[in-house]
>>> print(open('upload34.tsv').read())   # TSV, C-alpha atoms
chain	number	residue	atom	x	y	z
N	457	SER	CA	-22.29	-138.44	142.10
N	458	ARG	CA	-21.32	-141.12	144.65
N	459	ARG	CA	-24.98	-141.89	145.38
N	460	HIS	CA	-25.69	-142.18	141.68
N	461	LYS	CA	-22.76	-144.58	141.19
N	462	LEU	CA	-23.98	-146.80	144.03
N	463	TYR	CA	-27.50	-146.66	142.61
N	464	ARG	CA	-26.28	-147.88	139.23
N	465	GLU	CA	-24.16	-150.64	140.76
N	466	GLU	CA	-27.03	-151.81	142.92
N	467	LEU	CA	-29.41	-152.11	139.98
N	468	ASN	CA	-26.67	-153.40	137.67
N	469	LEU	CA	-27.38	-150.63	135.17
N	470	THR	CA	-25.25	-150.35	132.06
N	471	PHE	CA	-25.13	-147.98	129.15
N	472	PRO	CA	-26.61	-149.14	125.82
N	473	ALA	CA	-24.30	-150.44	123.15
N	474	ALA	CA	-22.19	-147.91	121.26
N	475	PRO	CA	-23.93	-146.28	118.30
N	476	LEU	CA	-23.67	-148.00	114.94
N	477	PRO	CA	-21.60	-146.40	112.14
N	478	LEU	CA	-23.42	-143.75	110.15
N	479	ARG	CA	-25.49	-145.20	107.31
N	480	PRO	CA	-25.81	-143.08	104.13
N	481	GLU	CA	-29.57	-143.70	104.15
N	482	ALA	CA	-29.93	-142.49	107.77
N	483	SER	CA	-32.89	-140.13	108.10
N	484	TRP	CA	-30.89	-137.48	109.95
N	485	LEU	CA	-28.26	-137.35	107.20
N	486	GLN	CA	-30.86	-137.31	104.42
N	487	PHE	CA	-32.70	-134.49	106.20
N	488	HIS	CA	-29.52	-132.42	106.38
N	489	LEU	CA	-28.68	-133.10	102.73
N	490	GLY	CA	-32.18	-131.97	101.69
N	491	ILE	CA	-31.79	-128.45	103.05
N	492	SER	CA	-31.83	-125.90	100.21
N	493	ARG	CA	-32.40	-122.19	99.73
N	494	ASP	CA	-36.14	-122.95	99.47
N	495	GLY	CA	-36.50	-124.46	102.94
N	496	LEU	CA	-35.39	-127.10	105.41
N	497	TYR	CA	-36.91	-129.89	103.33
N	498	PRO	CA	-38.66	-130.33	99.96
N	499	ARG	CA	-42.44	-130.46	99.69
N	500	SER	CA	-43.91	-133.92	100.40
N	501	SER	CA	-40.51	-135.11	101.59
N	502	PRO	CA	-40.55	-138.83	102.52
N	503	THR	CA	-37.37	-138.20	104.51
N	504	VAL	CA	-39.22	-135.96	106.98
N	505	ASN	CA	-41.87	-138.58	107.71
N	506	ARG	CA	-39.15	-141.18	108.24
N	507	LEU	CA	-37.23	-138.83	110.51
N	508	LEU	CA	-40.35	-138.22	112.60
N	509	ARG	CA	-40.83	-141.98	113.03
N	510	ASP	CA	-37.17	-142.47	113.96
N	511	MET	CA	-37.33	-139.79	116.65
N	512	GLN	CA	-40.35	-141.55	118.10
N	513	ASP	CA	-38.93	-145.09	117.93
N	514	PHE	CA	-35.14	-145.08	118.19
N	515	THR	CA	-33.47	-145.96	121.49
N	516	THR	CA	-31.89	-143.06	123.35
N	517	ILE	CA	-28.11	-143.48	123.49
N	518	SER	CA	-27.22	-140.45	125.63
N	519	ALA	CA	-28.75	-137.39	127.26
N	520	ASP	CA	-27.17	-134.08	128.20
N	521	TYR	CA	-27.89	-130.43	128.79
N	522	SER	CA	-28.14	-128.14	125.79
N	523	GLN	CA	-25.45	-125.55	125.10
N	524	ASP	CA	-27.63	-122.84	126.69
N	525	GLU	CA	-27.72	-124.67	130.01
N	526	LYS	CA	-24.01	-125.44	129.84
N	527	ALA	CA	-23.28	-121.75	129.29
N	528	LEU	CA	-25.30	-120.91	132.37
N	529	LEU	CA	-23.18	-123.30	134.39
N	530	GLY	CA	-20.03	-121.36	133.45
N	531	ALA	CA	-18.83	-123.30	130.42
N	532	CYS	CA	-18.68	-120.13	128.32
N	533	ASP	CA	-19.47	-116.40	128.27
N	534	CYS	CA	-23.14	-116.01	129.22
N	535	SER	CA	-23.49	-112.37	128.17
N	536	GLN	CA	-25.50	-113.24	125.05
N	537	ILE	CA	-27.63	-115.94	126.68
N	538	VAL	CA	-31.13	-115.21	127.98
N	539	LYS	CA	-30.89	-116.73	131.43
N	540	PRO	CA	-33.78	-119.11	132.08
N	541	SER	CA	-35.59	-119.65	135.34
N	542	GLY	CA	-36.28	-123.03	136.87
N	543	VAL	CA	-39.39	-123.46	134.72
N	544	HIS	CA	-37.20	-123.62	131.61
N	545	LEU	CA	-35.76	-127.05	130.84
N	546	LYS	CA	-34.54	-128.77	127.71
N	547	LEU	CA	-32.16	-131.64	127.03
N	548	VAL	CA	-30.25	-132.99	124.06
N	549	LEU	CA	-31.00	-136.65	123.33
N	550	ARG	CA	-28.81	-138.68	120.98
N	551	PHE	CA	-29.75	-141.69	118.88
N	552	GLN	CA	-28.11	-144.08	116.44
N	553	ASP	CA	-26.82	-142.79	113.10
N	554	PHE	CA	-25.56	-139.71	114.99
N	555	GLY	CA	-29.15	-138.55	115.37
N	556	LYS	CA	-29.71	-135.70	117.80
N	557	ALA	CA	-32.90	-134.01	118.98
N	558	MET	CA	-33.89	-131.31	121.46
N	559	PHE	CA	-36.21	-132.68	124.14
N	560	LYS	CA	-38.66	-130.32	125.85
N	561	PRO	CA	-40.77	-131.94	128.56
N	562	MET	CA	-44.44	-131.30	129.28
N	563	ARG	CA	-44.82	-128.31	131.61
N	564	GLN	CA	-48.45	-127.39	131.10
N	565	LYS	CA	-51.62	-129.37	130.40
N	566	ARG	CA	-53.24	-128.80	127.03
N	567	GLU	CA	-56.43	-127.31	128.45
N	568	GLU	CA	-54.58	-124.77	130.63
N	569	GLU	CA	-54.37	-121.18	129.42
N	570	THR	CA	-51.46	-118.91	130.23
N	571	PRO	CA	-52.64	-116.53	132.99
N	572	GLU	CA	-53.45	-113.01	131.79
N	573	ASP	CA	-51.06	-111.43	134.28
N	574	LEU	CA	-48.06	-113.51	133.17
N	575	PHE	CA	-45.45	-111.73	131.02
N	576	TYR	CA	-44.54	-113.49	127.77
N	577	PHE	CA	-40.85	-113.72	128.71
N	578	VAL	CA	-41.56	-115.79	131.84
N	579	ASP	CA	-44.20	-118.00	130.24
N	580	PHE	CA	-43.94	-121.80	130.27
N	581	GLN	CA	-42.27	-123.65	127.42
N	582	ARG	CA	-44.95	-125.97	126.01
N	583	HIS	CA	-43.94	-129.21	124.32
N	584	ASN	CA	-47.19	-129.43	122.37
N	585	ALA	CA	-46.61	-125.91	121.00
N	586	GLU	CA	-43.34	-127.10	119.42
N	587	ILE	CA	-45.15	-130.02	117.79
N	588	ALA	CA	-48.09	-127.94	116.55
N	589	ALA	CA	-45.77	-125.20	115.25
N	590	PHE	CA	-43.98	-127.71	113.02
N	591	HIS	CA	-47.26	-128.94	111.55
N	592	LEU	CA	-48.56	-125.40	110.96
N	593	ASP	CA	-45.27	-124.34	109.35
N	594	ARG	CA	-45.51	-127.29	106.96
N	595	ILE	CA	-49.17	-126.54	106.15
N	596	LEU	CA	-48.25	-122.93	105.34
N	597	ASP	CA	-45.54	-124.31	103.03
N	598	PHE	CA	-42.86	-122.30	104.83
N	599	ARG	CA	-40.80	-125.40	105.78
N	600	ARG	CA	-38.69	-123.38	108.22
N	601	VAL	CA	-39.36	-125.30	111.47
N	602	PRO	CA	-37.20	-128.41	112.05
N	603	PRO	CA	-39.17	-131.68	112.07
N	604	THR	CA	-40.71	-132.13	115.52
N	605	ALA	CA	-42.47	-135.14	117.01
N	606	GLY	CA	-44.09	-135.99	120.31
N	607	ARG	CA	-42.87	-138.93	122.36
N	608	LEU	CA	-43.39	-140.58	125.73
N	609	ILE	CA	-39.94	-140.69	127.33
N	610	ASN	CA	-38.99	-143.04	130.16
N	611	VAL	CA	-37.00	-140.53	132.20
N	612	THR	CA	-35.21	-143.27	134.13
N	613	LYS	CA	-34.13	-145.50	131.25
N	614	GLU	CA	-33.81	-142.86	128.53
N	615	ILE	CA	-32.28	-139.96	130.47
N	616	LEU	CA	-30.93	-140.91	133.92
N	617	GLU	CA	-29.42	-144.25	132.93
N	618	VAL	CA	-27.76	-142.99	129.76
N	619	THR	CA	-26.42	-139.58	130.78
N	620	LYS	CA	-22.76	-139.16	131.71
N	621	ASN	CA	-23.30	-135.62	132.97
N	622	GLU	CA	-22.94	-135.72	136.74
N	623	ILE	CA	-24.84	-132.46	137.21
N	624	LEU	CA	-27.81	-133.84	135.29
N	625	GLN	CA	-27.61	-137.05	137.32
N	626	SER	CA	-27.72	-135.04	140.55
N	627	VAL	CA	-31.06	-133.33	139.85
N	628	PHE	CA	-33.08	-136.56	139.69
N	629	PHE	CA	-35.18	-137.57	142.67
N	630	VAL	CA	-38.27	-139.61	143.57
N	631	SER	CA	-41.30	-137.58	144.61
N	632	PRO	CA	-43.61	-138.39	147.54
N	633	ALA	CA	-45.98	-139.89	144.95
N	634	SER	CA	-43.17	-142.29	143.89
N	635	ASN	CA	-42.72	-140.55	140.53
N	636	VAL	CA	-39.24	-140.01	139.07
N	637	CYS	CA	-38.58	-136.29	138.67
N	638	PHE	CA	-35.79	-133.93	137.65
N	639	PHE	CA	-35.36	-130.17	137.48
N	640	ALA	CA	-33.26	-127.54	135.74
N	641	LYS	CA	-29.80	-126.71	137.05
N	642	CYS	CA	-29.34	-122.97	136.69
N	643	PRO	CA	-28.19	-119.95	138.73
N	644	TYR	CA	-31.53	-119.13	140.36
N	645	MET	CA	-35.08	-120.40	140.96
N	646	CYS	CA	-33.98	-123.98	140.35
N	647	LYS	CA	-35.87	-125.91	142.96
N	648	THR	CA	-37.78	-129.15	143.18
N	649	GLU	CA	-41.01	-127.14	142.98
N	650	TYR	CA	-40.20	-126.56	139.31
N	651	ALA	CA	-39.41	-130.18	138.55
N	652	VAL	CA	-40.96	-132.28	135.82
N	653	CYS	CA	-42.08	-135.75	136.81
N	654	GLY	CA	-42.82	-139.02	135.07
N	655	ASN	CA	-45.85	-141.13	135.84
N	656	PRO	CA	-44.02	-142.85	137.45
N	657	HIS	CA	-41.31	-142.94	134.76
N	658	LEU	CA	-43.09	-141.89	131.53
N	659	LEU	CA	-43.11	-138.22	130.58
N	660	GLU	CA	-44.52	-136.50	127.49
N	661	GLY	CA	-42.20	-134.30	125.51
N	662	SER	CA	-41.35	-132.90	122.11
N	663	LEU	CA	-38.31	-133.90	120.06
N	664	SER	CA	-37.02	-131.40	117.50
N	665	ALA	CA	-34.41	-132.61	115.03
N	666	PHE	CA	-31.08	-130.80	115.23
N	667	LEU	CA	-29.84	-128.86	112.22
N	668	PRO	CA	-26.37	-129.54	110.78
N	669	SER	CA	-23.54	-128.43	113.04
N	670	LEU	CA	-22.34	-124.85	112.73
N	671	ASN	CA	-19.01	-126.12	111.37
N	672	LEU	CA	-20.81	-127.67	108.39
N	673	ALA	CA	-23.61	-125.15	107.91
N	674	PRO	CA	-22.85	-121.82	109.65
N	675	ARG	CA	-25.83	-119.76	110.81
N	676	LEU	CA	-26.30	-116.17	111.91
N	677	SER	CA	-28.43	-115.13	114.87
N	678	ILE	CA	-29.92	-111.70	114.15
N	679	PRO	CA	-32.03	-109.46	116.41
N	680	ASN	CA	-35.61	-109.15	115.24
N	681	PRO	CA	-36.27	-105.52	114.16
N	682	TRP	CA	-39.63	-105.87	115.91
N	683	ILE	CA	-38.08	-107.23	119.11
N	684	ARG	CA	-40.15	-106.69	122.25
N	685	SER	CA	-39.03	-105.03	125.43
N	686	TYR	CA	-37.91	-107.60	127.99
N	687	SER	CA	-38.63	-105.33	130.93
N	688	PHE	CA	-41.85	-104.88	132.88
N	689	ASP	CA	-42.58	-101.34	131.74
N	690	GLY	CA	-40.42	-100.52	128.71
N	691	LYS	CA	-41.52	-100.14	125.08
N	692	GLU	CA	-39.59	-100.47	121.84
N	693	GLU	CA	-39.76	-97.85	119.08
N	694	TRP	CA	-42.03	-99.94	116.85
N	695	GLU	CA	-44.63	-100.00	119.64
N	696	VAL	CA	-44.94	-96.20	119.73
N	697	ASN	CA	-44.00	-95.17	116.17
N	698	PRO	CA	-46.51	-96.29	113.48
N	699	ARG	CA	-43.99	-95.28	110.77
N	700	TYR	CA	-41.24	-97.44	112.23
N	701	CYS	CA	-41.08	-99.56	109.06
N	702	ASP	CA	-39.83	-96.54	107.10
N	703	THR	CA	-36.74	-96.60	109.29
N	704	VAL	CA	-36.27	-100.34	108.86
N	705	ARG	CA	-36.51	-100.05	105.08
N	706	GLU	CA	-33.46	-97.78	105.05
N	707	ILE	CA	-31.25	-100.37	106.76
N	708	HIS	CA	-29.41	-103.14	104.94
N	709	PRO	CA	-30.52	-105.89	104.31
N	710	TYR	CA	-34.15	-104.78	104.77
N	711	SER	CA	-33.76	-102.10	102.10
N	712	HIS	CA	-33.90	-104.60	99.24
N	713	GLY	CA	-34.45	-108.28	98.47
N	714	ASN	CA	-36.67	-110.70	100.40
N	715	ARG	CA	-35.52	-110.14	103.99
N	716	LEU	CA	-38.38	-107.86	104.97
N	717	LEU	CA	-40.89	-110.14	103.24
N	718	ASN	CA	-39.47	-113.06	105.21
N	719	ILE	CA	-39.89	-111.05	108.42
N	720	VAL	CA	-43.57	-110.57	107.53
N	721	ASP	CA	-43.92	-114.32	106.93
N	722	MET	CA	-42.45	-114.94	110.38
N	723	ALA	CA	-44.80	-112.39	111.96
N	724	ILE	CA	-47.84	-114.05	110.40
N	725	PHE	CA	-46.66	-117.44	111.63
N	726	ASP	CA	-46.05	-116.09	115.15
N	727	PHE	CA	-49.44	-114.37	115.22
N	728	LEU	CA	-51.23	-117.58	114.28
N	729	ILE	CA	-49.55	-119.50	117.13
N	730	GLY	CA	-49.65	-116.54	119.56
N	731	ASN	CA	-45.87	-116.37	120.04
N	732	MET	CA	-44.66	-113.02	121.41
N	733	ASP	CA	-41.13	-114.24	122.17
N	734	ARG	CA	-39.36	-113.88	118.79
N	735	HIS	CA	-36.42	-111.76	119.96
N	736	HIS	CA	-33.96	-113.20	117.39
N	737	TYR	CA	-34.09	-115.17	114.17
N	738	GLU	CA	-31.48	-117.40	112.54
N	739	MET	CA	-30.53	-118.06	108.94
N	740	PHE	CA	-27.92	-120.07	107.05
N	741	THR	CA	-25.06	-117.88	105.87
N	742	LYS	CA	-24.64	-119.98	102.70
N	743	PHE	CA	-27.86	-118.69	101.16
N	744	GLY	CA	-27.00	-115.01	101.52
N	745	ASP	CA	-29.18	-112.08	102.53
N	746	ASP	CA	-32.29	-113.49	100.81
N	747	GLY	CA	-32.12	-116.89	102.50
N	748	PHE	CA	-35.11	-118.12	104.48
N	749	LEU	CA	-35.45	-117.39	108.20
N	750	LEU	CA	-35.47	-120.33	110.58
N	751	HIS	CA	-38.55	-120.45	112.82
N	752	LEU	CA	-36.91	-121.97	115.90
N	753	ASP	CA	-38.03	-122.13	119.55
N	754	ASN	CA	-41.81	-122.03	119.29
N	755	ALA	CA	-42.57	-123.44	122.73
N	756	ARG	CA	-44.18	-120.22	123.96
N	757	GLY	CA	-46.90	-120.42	121.33
N	758	PHE	CA	-50.45	-121.71	121.83
N	759	GLY	CA	-50.64	-120.31	125.36
N	760	ARG	CA	-53.93	-118.37	125.15
N	761	HIS	CA	-56.57	-119.41	122.63
N	762	SER	CA	-58.95	-116.72	123.92
N	763	HIS	CA	-56.67	-113.79	123.06
N	764	ASP	CA	-55.35	-112.55	119.71
N	765	GLU	CA	-52.19	-110.47	120.19
N	766	THR	CA	-52.48	-108.28	117.08
N	767	SER	CA	-49.27	-106.40	117.91
N	768	ILE	CA	-47.39	-109.47	116.61
N	769	LEU	CA	-48.62	-108.45	113.14
N	770	ALA	CA	-46.81	-105.10	113.32
N	771	PRO	CA	-44.37	-105.96	110.47
N	772	LEU	CA	-47.37	-106.65	108.19
N	773	SER	CA	-49.55	-103.73	109.27
N	774	GLN	CA	-46.70	-101.18	109.36
N	775	CYS	CA	-44.85	-102.25	106.19
N	776	CYS	CA	-47.94	-103.32	104.22
N	777	ILE	CA	-46.15	-105.95	102.13
N	778	ILE	CA	-46.68	-109.69	101.76
N	779	LYS	CA	-45.50	-112.40	99.38
N	780	ARG	CA	-48.04	-113.44	96.77
N	781	THR	CA	-47.38	-117.12	97.50
N	782	THR	CA	-48.02	-116.55	101.22
N	783	LEU	CA	-51.24	-114.65	100.53
N	784	LEU	CA	-52.54	-117.31	98.15
N	785	ARG	CA	-51.86	-120.05	100.71
N	786	LEU	CA	-53.64	-118.08	103.44
N	787	GLN	CA	-56.63	-117.44	101.19
N	788	LEU	CA	-56.82	-121.14	100.35
N	789	LEU	CA	-56.78	-122.08	104.05
N	790	ALA	CA	-59.65	-119.66	104.63
N	791	GLU	CA	-61.88	-121.58	102.19
N	792	PRO	CA	-64.46	-123.89	103.84
N	793	GLU	CA	-63.16	-127.03	102.10
N	794	TYR	CA	-59.56	-126.32	103.17
N	795	ARG	CA	-60.22	-124.66	106.53
N	796	LEU	CA	-56.98	-124.22	108.49
N	797	SER	CA	-58.36	-125.76	111.68
N	798	ASP	CA	-59.49	-128.86	109.77
N	799	VAL	CA	-56.17	-129.27	107.99
N	800	MET	CA	-54.27	-128.82	111.27
N	801	ARG	CA	-56.53	-131.26	113.11
N	802	GLU	CA	-55.93	-133.93	110.47
N	803	SER	CA	-52.18	-133.29	110.38
N	804	LEU	CA	-51.78	-133.43	114.17
N	805	LEU	CA	-53.55	-136.79	114.34
N	806	GLN	CA	-50.36	-138.26	112.84
N	807	ASP	CA	-48.46	-137.48	116.04
N	808	ARG	CA	-48.20	-140.09	118.81
N	809	LEU	CA	-49.32	-137.57	121.44
N	810	ALA	CA	-52.56	-136.66	119.64
N	811	PRO	CA	-54.63	-134.70	120.42
N	812	VAL	CA	-51.79	-132.16	120.42
N	813	LEU	CA	-54.04	-129.08	120.62
N	814	THR	CA	-57.43	-128.58	122.21
N	815	GLU	CA	-60.37	-127.62	120.01
N	816	PRO	CA	-60.38	-123.95	121.15
N	817	HIS	CA	-56.76	-123.58	119.96
N	818	LEU	CA	-57.65	-125.06	116.58
N	819	LEU	CA	-60.62	-122.74	116.16
N	820	ALA	CA	-58.44	-119.80	117.18
N	821	LEU	CA	-56.33	-120.45	114.08
N	822	ASP	CA	-59.35	-119.77	111.84
N	823	ARG	CA	-60.16	-116.58	113.72
N	824	ARG	CA	-56.59	-115.31	113.54
N	825	LEU	CA	-56.30	-116.19	109.87
N	826	GLN	CA	-59.25	-113.90	109.16
N	827	LEU	CA	-57.51	-111.11	111.07
N	828	VAL	CA	-54.38	-111.55	108.92
N	829	LEU	CA	-56.44	-111.37	105.72
N	830	ARG	CA	-58.27	-108.32	107.05
N	831	ALA	CA	-54.92	-106.59	107.68
N	832	VAL	CA	-53.84	-107.37	104.11
N	833	ARG	CA	-57.12	-106.00	102.71
N	834	GLN	CA	-56.68	-102.78	104.67
N	835	CYS	CA	-53.18	-102.40	103.25
N	836	ILE	CA	-54.43	-103.00	99.71
N	837	ASP	CA	-57.27	-100.49	100.17
N	838	THR	CA	-54.73	-97.89	101.30
N	839	HIS	CA	-51.76	-98.52	99.00
N	840	GLY	CA	-53.06	-100.66	96.14
N	841	GLU	CA	-52.40	-104.32	95.42
N	842	ALA	CA	-49.35	-103.64	93.22
N	843	LYS	CA	-47.45	-102.10	96.13
N	844	VAL	CA	-48.62	-104.54	98.80
N	845	VAL	CA	-48.46	-107.97	97.14
N	846	ALA	CA	-44.93	-108.90	96.05
N	847	ASN	CA	-44.69	-111.39	93.20
N	848	ASP	CA	-42.33	-114.10	94.40
N	849	SER	CA	-43.92	-116.89	92.36
N	850	VAL	CA	-41.22	-116.99	89.69
N	851	ARG	CA	-37.65	-117.31	90.87
N	852	PRO	CA	-34.53	-118.59	89.09
N	853	GLN	CA	-33.66	-122.23	89.69
N	854	ALA	CA	-31.16	-122.54	92.50
N	855	PRO	CA	-27.90	-124.17	91.39
N	856	ALA	CA	-26.90	-127.47	92.96
N	857	SER	CA	-24.04	-125.71	94.73
N	858	ASP	CA	-26.57	-123.81	96.85
N	859	ARG	CA	-27.44	-126.90	98.89
N	860	VAL	CA	-25.95	-127.42	102.31
N	861	LYS	CA	-22.86	-129.59	101.90
N	862	LEU	CA	-21.86	-132.04	104.61
N	863	SER	CA	-18.32	-133.33	104.53
N	864	THR	CA	-17.65	-136.99	105.24
>>> encode(input="upload34.tsv", output="structure tokens")
Amino acid sequence: SRRHKLYREELNLTFPAAPLPLRPEASWLQFHLGISRDGLYPRSSPTVNRLLRDMQDFTTISADYSQDEKALLGACDCSQIVKPSGVHLKLVLRFQDFGKAMFKPMRQKREEETPEDLFYFVDFQRHNAEIAAFHLDRILDFRRVPPTAGRLINVTKEILEVTKNEILQSVFFVSPASNVCFFAKCPYMCKTEYAVCGNPHLLEGSLSAFLPSLNLAPRLSIPNPWIRSYSFDGKEEWEVNPRYCDTVREIHPYSHGNRLLNIVDMAIFDFLIGNMDRHHYEMFTKFGDDGFLLHLDNARGFGRHSHDETSILAPLSQCCIIKRTTLLRLQLLAEPEYRLSDVMRESLLQDRLAPVLTEPHLLALDRRLQLVLRAVRQCIDTHGEAKVVANDSVRPQAPASDRVKLST
């Protein structure tokens, strides 16, 4: 801390001006006000595009650890926190208009594949996976991933010089190659070998817009019924019992309503991106048991384009149900003129860090989409379309009171 203070005095560094008062037209506020029971934002929302630009352009006002990292440092009970290793690192960056985004730095080059021998729960967190997951979620018309944009961050000016957290200040150093680096501060495996470094100051990363605070829009974190074993040799019941879904169907809230269908949506999404790390899901309490599931924390997707982990599709293959709207969208994206890889490629070109995905990852989306449709066809052949395809096309209009309300 003393060295950092002298460093700032020597370079005459000062914090940026205090944030301006909140403007009603601020993109962060408009994004929060647009959340409804149908998704995090309306279709073709101009607010989302403006929010993406603001996250890429606005000056960083402050930087700090996320609540997960603070918990690991003893700020609260850590019993419910999955303790990260030194390769896990994320920061909260704040902007004007009370804007706040989760920053995940680049840990792996786009052309690198996750090694075959690496367990999913110790895999890298990939910034480009967060970006690509947002675009895919929007293409699928789920609208359950918070807006996410890529950005080149100056780690000196936009993190070190604006943070007031002395622990975060203490993990910065200059590498032998004269690059500015920093690493995670956590109970174990937190060494300079696991640092991220600028070039010499600029570092790629993803910025995911924060949701409304829990005081304004409470959320539940619920274990995924198809959670994986987080041990080296254990297996969960769904992995050994092909009739596991029968048990799930008997449990509230999976016994009725849309919850199980939403789980299948999430499984299809995770299969397409190759994410095996969906141990929990979150949802807004305001929208009740049939509210949509938030698809958060997608940084462990897009690790291996050469492998299709079909076990991720267990909710679909074991329960043999799917929303009609989801199926129609998947069938459309399998058509040559609307091929998923082409639509994704065009969408990702809008991001400042394009190309976000390599060509093999884009082509893997087409291959995996065919596997999803094949699984649906097998279910229909076995049980009949009436039992497999749930008609969710017509739903009652949600009242205005079902929107997330933010107090002033």
>>> closest_residue(input="upload34.tsv", among="N:Ser762, N:Ser492, N:Thr604, N:Thr741", to="Leu670 in chain N", atoms="all atoms listed in the file")
N:Thr741
>>> atom_distance(input="upload34.tsv", atom1="CA of Thr703 in chain N", atom2="CA of Ile768 in chain N")
18.2 Å
>>> residues_around(input="upload34.tsv", residues="Val832 in chain N", least_positions_apart="6", cutoff="8 Å", atoms="all atoms listed in the file", output="number ranges by chain")
N: 772-773, 776, 778, 844
>>> residues_around(input="upload34.tsv", residues="Val630 in chain N", least_positions_apart="6", cutoff="12 Å", atoms="only C-alpha atoms", output="list in words")
Val611, Thr612, Val636, Cys637, Phe638, Phe639, Thr648, Ala651, Val652, Cys653, Gly654, Asn655, Pro656 and His657 of chain N
>>> closest_residue(input="upload34.tsv", among="N:Asn621, N:Gln774, N:Ser662, N:Gln486", to="Asn584 in chain N", atoms="all atoms listed in the file")
N:Ser662
>>> residues_around(input="upload34.tsv", residues="Gln564 in chain N", least_positions_apart="2", cutoff="10 Å", atoms="all atoms listed in the file", output="number ranges by chain")
N: 561-562, 566-570, 580-584, 759
>>> closest_residue(input="upload34.tsv", among="N:Arg715, N:Thr516, N:Trp484, N:Leu508", to="Phe554 in chain N", atoms="only C-alpha atoms")
N:Trp484
>>> atom_distance(input="upload34.tsv", atom1="CA of Ser500 in chain N", atom2="CA of Leu769 in chain N")
28.9 Å
>>> build_atoms(input="upload34.tsv", residues="range 726-730 of chain N", atoms="all heavy atoms", output="compact mmCIF listing (two decimals), in the coordinates of the input")
# COMPACT_ATOMS: atom_id res chain seq x y z
N ASP N 726 -46.03 -116.31 113.70
CA ASP N 726 -46.05 -116.09 115.15
C ASP N 726 -47.42 -115.63 115.63
O ASP N 726 -47.86 -116.00 116.72
CB ASP N 726 -44.99 -115.07 115.55
CG ASP N 726 -43.59 -115.66 115.59
OD1 ASP N 726 -43.47 -116.88 115.76
OD2 ASP N 726 -42.62 -114.89 115.45
N PHE N 727 -48.11 -114.81 114.83
CA PHE N 727 -49.44 -114.37 115.22
C PHE N 727 -50.41 -115.54 115.28
O PHE N 727 -51.23 -115.65 116.20
CB PHE N 727 -49.96 -113.31 114.25
CG PHE N 727 -51.38 -112.92 114.51
CD1 PHE N 727 -51.72 -112.22 115.65
CD2 PHE N 727 -52.38 -113.25 113.61
CE1 PHE N 727 -53.05 -111.86 115.90
CE2 PHE N 727 -53.70 -112.91 113.85
CZ PHE N 727 -54.04 -112.20 115.00
N LEU N 728 -50.33 -116.44 114.31
CA LEU N 728 -51.23 -117.58 114.28
C LEU N 728 -51.04 -118.48 115.50
O LEU N 728 -52.01 -119.04 116.03
CB LEU N 728 -51.04 -118.38 112.99
CG LEU N 728 -51.51 -117.70 111.70
CD1 LEU N 728 -51.12 -118.53 110.48
CD2 LEU N 728 -53.02 -117.47 111.72
N ILE N 729 -49.79 -118.63 115.97
CA ILE N 729 -49.55 -119.50 117.13
C ILE N 729 -49.56 -118.70 118.44
O ILE N 729 -49.51 -119.30 119.52
CB ILE N 729 -48.23 -120.27 117.01
CG1 ILE N 729 -47.01 -119.36 117.10
CG2 ILE N 729 -48.19 -121.07 115.70
CD1 ILE N 729 -45.68 -120.10 117.11
N GLY N 730 -49.63 -117.36 118.36
CA GLY N 730 -49.65 -116.54 119.56
C GLY N 730 -48.30 -116.42 120.25
O GLY N 730 -48.23 -116.27 121.46
